[in-house]
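Only one structure is covered here, and it is reproduced in the block below.
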Amino acid sequence: MIFILGLVIASLLTALALQIFPRINLLDFPERYGLHRARLPYPGGLIFLFLALGALLWQEQWVIAGITLILGLMSFWDDKTDLPGSARLLLHVIFAAIVFDLGIRIAFVGNPFDPGTSINLMTWPAMSLVLTILWIVTIQNALNWFDGIQGSAVGVSGIGFLALGLFGIFRPEVAWEAHLPEFLNLTWFLSGCCFGAFLFFWKGKIILGDTGAQVLGFLLAILSIFAGTKIATTLLILGLPLLDFVFVILRRIFIDKKSPFKGDQSHLPQRLAQKFGEPKACLLLVSFSAILGATSIFLTGTHKILALLLILLLISKPILSKR
């Protein structure tokens with residue numbers, strides 16, 4: 001029921017945004033990217049910011065709601081004025097550090113070679129801090145970079161939230177002992193929101209922007225930590241955006257010899273879109289993410305590592321190549 005509630009509310013709000021955004025001049029800037037088309041409603045991420053805040057306040061997650069609001073407003077400002085990358089990165093690190101200070105941290109990492117056991121990172125608090133910050137910042141920015149074609153970030157986020165929710169139902173013995181009810185409510189609601197709005201974004205009627213990609217990525221990151229620190233599971237669920245993020249940085253530095261933060265059309269979604277068109281490329285990415293999400297629920301230990309290596313082999317060549 002919570003999933004359906006999110007689906008219905010998000011679809012109605014997105015349809016409403018298509019009518020309201022043009023009237024208040026919330027439109028994108030195609031000329032920035034050399035595109036010759038009419039301006040579209042933007043940023044659609046305001047819808048997800050509003051829905052996420054409602055869900056977090058409903059679960060009485062006041063501080064997380066506050067951070068999400070600040071992150072969303074900062075990303076909205078970036079959508080409108082294009083903030084420097086260094087300033088954005090600094091603020092993302094600060095937000096992640098605050099999350100760590102709240103006690104939402106990667107304290108244990110499962111041992112893939114000995115399922116059922118884990119490594120206690122609280123023996124090395126500094127390592128836990130660095131890993132938590134790296135985890136949150138990487139996921140939210142990886143999802144933002146993955147938003148290169150219509151609907152890709154929304155669809156993959158929906159799969160991610162759904163997979164984490166299903167994991168809580170099918171594998172409750174290994175996750176969320178203290179926060180299971182709250183966690184399941186949030187993941188199922190946010191998954192419903194993504195799927196409810198997906199069709200509008202997939203058809204190119206509205207654009208997500210950093211506002212949505214950053215908020216969705218941030219929530220995916222912290223909810224995966226709530227999930228008993230299922231790092232390997234989340235790596236598999238979000239394998240495409242994360243590996244795309246890493247490979248694009250490597251290609252820009254070592255092959256193109258330029259700044260890793262200078263944008264281009266080299267991401268996996270954009271390369272697939274050049275070959276199949278945006279709608280088909282988006283469906284292909286979302287379908288593959290769904291397969292990874294389904295298998296992540298039941299794979300354990302070294303099987304997840306092998307699955308990640310398989311993804312690496314599949315996408316490394318198209319991303320790293322110059323053409």
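A note on labels: chains of the structure tokens are A, B, ... as shown, every chain counts residues from 1, and ligands are counted from 1 in their shown order.
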Spatial neighbours of stretch 135-150 of chain A, max dist 8 Å, only C-alpha atoms, sep filter under 4 positions, as an NGL selection string: :A and (89 or 92-93 or 96 or 131 or 201-204 or 207-210 or 213-218 or 220-222 or 241-242 or 244-245 or 267-270 or 273 or 278-279 or 282)
I need the strand (DSSP E or B) residues of stretch 68-260 of chain A per DSSP on the backbone, written as a JSON list (two decimals) with C-alpha atoms, in the first residue's frame.
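Final file, part.json:
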```json
[["chain", "number", "residue", "atom", "x", "y", "z"],
["A", 108, "PHE", "CA", 30.86, -3.20, 9.68],
["A", 109, "VAL", "CA", 31.77, -4.64, 6.31],
["A", 110, "GLY", "CA", 30.78, -8.20, 5.53],
["A", 118, "SER", "CA", 32.06, -9.12, 9.19],
["A", 119, "ILE", "CA", 34.95, -6.74, 9.78],
["A", 120, "ASN", "CA", 34.42, -4.25, 12.61]]
```
To test your reading of the structure, identify every residue in stretch 174-243 of chain A that backbone DSSP assigns to alpha helix (DSSP H), and report it as a VMD selection string. chain A and resid 180 to 202 209 to 226 231 to 237 239 to 243
Let's have the selection written as an mmCIF file, in the first residue's frame, with C-alpha atoms.
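Output saved as selection_21.cif:
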```
data_model
loop_
_atom_site.group_PDB
_atom_site.id
_atom_site.type_symbol
_atom_site.label_atom_id
_atom_site.label_comp_id
_atom_site.auth_asym_id
_atom_site.auth_seq_id
_atom_site.Cartn_x
_atom_site.Cartn_y
_atom_site.Cartn_z
ATOM 1 C CA LEU A 180 13.278 -2.542 9.827
ATOM 2 C CA PRO A 181 9.755 -0.981 9.872
ATOM 3 C CA GLU A 182 10.967 2.577 9.214
ATOM 4 C CA PHE A 183 13.430 1.438 6.591
ATOM 5 C CA LEU A 184 10.880 -0.622 4.688
ATOM 6 C CA ASN A 185 8.369 2.223 4.718
ATOM 7 C CA LEU A 186 10.899 4.651 3.236
ATOM 8 C CA THR A 187 12.261 2.310 0.585
ATOM 9 C CA TRP A 188 8.865 1.149 -0.639
ATOM 10 C CA PHE A 189 7.441 4.675 -0.690
ATOM 11 C CA LEU A 190 10.426 6.141 -2.552
ATOM 12 C CA SER A 191 10.415 3.236 -4.985
ATOM 13 C CA GLY A 192 6.745 3.887 -5.713
ATOM 14 C CA CYS A 193 7.517 7.582 -6.232
ATOM 15 C CA CYS A 194 10.218 6.779 -8.800
ATOM 16 C CA PHE A 195 8.034 4.365 -10.744
ATOM 17 C CA GLY A 196 5.047 6.703 -10.578
ATOM 18 C CA ALA A 197 7.027 9.514 -12.191
ATOM 19 C CA PHE A 198 9.179 7.344 -14.469
ATOM 20 C CA LEU A 199 6.931 7.411 -17.537
ATOM 21 C CA PHE A 200 6.934 11.227 -17.659
ATOM 22 C CA PHE A 201 10.730 11.403 -17.447
ATOM 23 C CA TRP A 202 11.233 8.495 -19.856
ATOM 24 C CA GLY A 209 18.231 17.895 -12.966
ATOM 25 C CA ASP A 210 20.795 17.768 -10.170
ATOM 26 C CA THR A 211 18.012 18.502 -7.682
ATOM 27 C CA GLY A 212 16.506 15.068 -8.192
ATOM 28 C CA ALA A 213 19.620 13.039 -8.937
ATOM 29 C CA GLN A 214 21.493 14.318 -5.877
ATOM 30 C CA VAL A 215 18.539 13.809 -3.522
ATOM 31 C CA LEU A 216 17.785 10.309 -4.811
ATOM 32 C CA GLY A 217 21.466 9.336 -4.697
ATOM 33 C CA PHE A 218 21.890 10.703 -1.183
ATOM 34 C CA LEU A 219 18.882 8.763 0.096
ATOM 35 C CA LEU A 220 19.986 5.562 -1.637
ATOM 36 C CA ALA A 221 23.386 5.909 0.014
ATOM 37 C CA ILE A 222 22.166 6.473 3.568
ATOM 38 C CA LEU A 223 19.350 3.915 3.335
ATOM 39 C CA SER A 224 21.854 1.294 2.228
ATOM 40 C CA ILE A 225 23.814 2.082 5.420
ATOM 41 C CA PHE A 226 20.612 1.722 7.451
ATOM 42 C CA ILE A 231 27.868 -2.667 0.820
ATOM 43 C CA ALA A 232 28.314 -5.495 -1.697
ATOM 44 C CA THR A 233 24.545 -5.698 -2.197
ATOM 45 C CA THR A 234 24.238 -1.983 -2.974
ATOM 46 C CA LEU A 235 27.331 -2.086 -5.181
ATOM 47 C CA LEU A 236 25.599 -4.746 -7.234
ATOM 48 C CA ILE A 237 22.243 -2.938 -7.339
ATOM 49 C CA GLY A 239 26.702 -1.386 -10.341
ATOM 50 C CA LEU A 240 26.041 0.446 -13.620
ATOM 51 C CA PRO A 241 26.092 4.040 -12.267
ATOM 52 C CA LEU A 242 29.024 3.388 -9.926
ATOM 53 C CA LEU A 243 31.254 1.679 -12.476
#
```
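If you look at atom CA of A:Thr295 and atom CA of A:Ile4, they are 23.7 Å away from each other.
The residue that comes closest to A:Ile106, out of A:Ser296, A:Ser259, A:Asn25, A:Ser128 and on the basis of only C-alpha atoms, is A:Ser128.
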Fewer than 5 positions away in the same chain doesn't count, so skip those; otherwise give me all residues within 8 Å of stretch 26-33 of chain A, counting only C-alpha atoms, as number ranges by chain. A: 21, 38-43, 207
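Using only C-alpha atoms, the shortest contact distance between A:Ile20 and any of A:Gly44, A:Leu35, A:Asp78, A:Gly151 is found at A:Gly44.
Note that atom CA of A:Met74 and atom CA of A:Ile94 are 13.0 Å apart.
Of note, atom CA of A:Lys262 and atom CA of A:Ser152 are spaced 20.7 Å apart.
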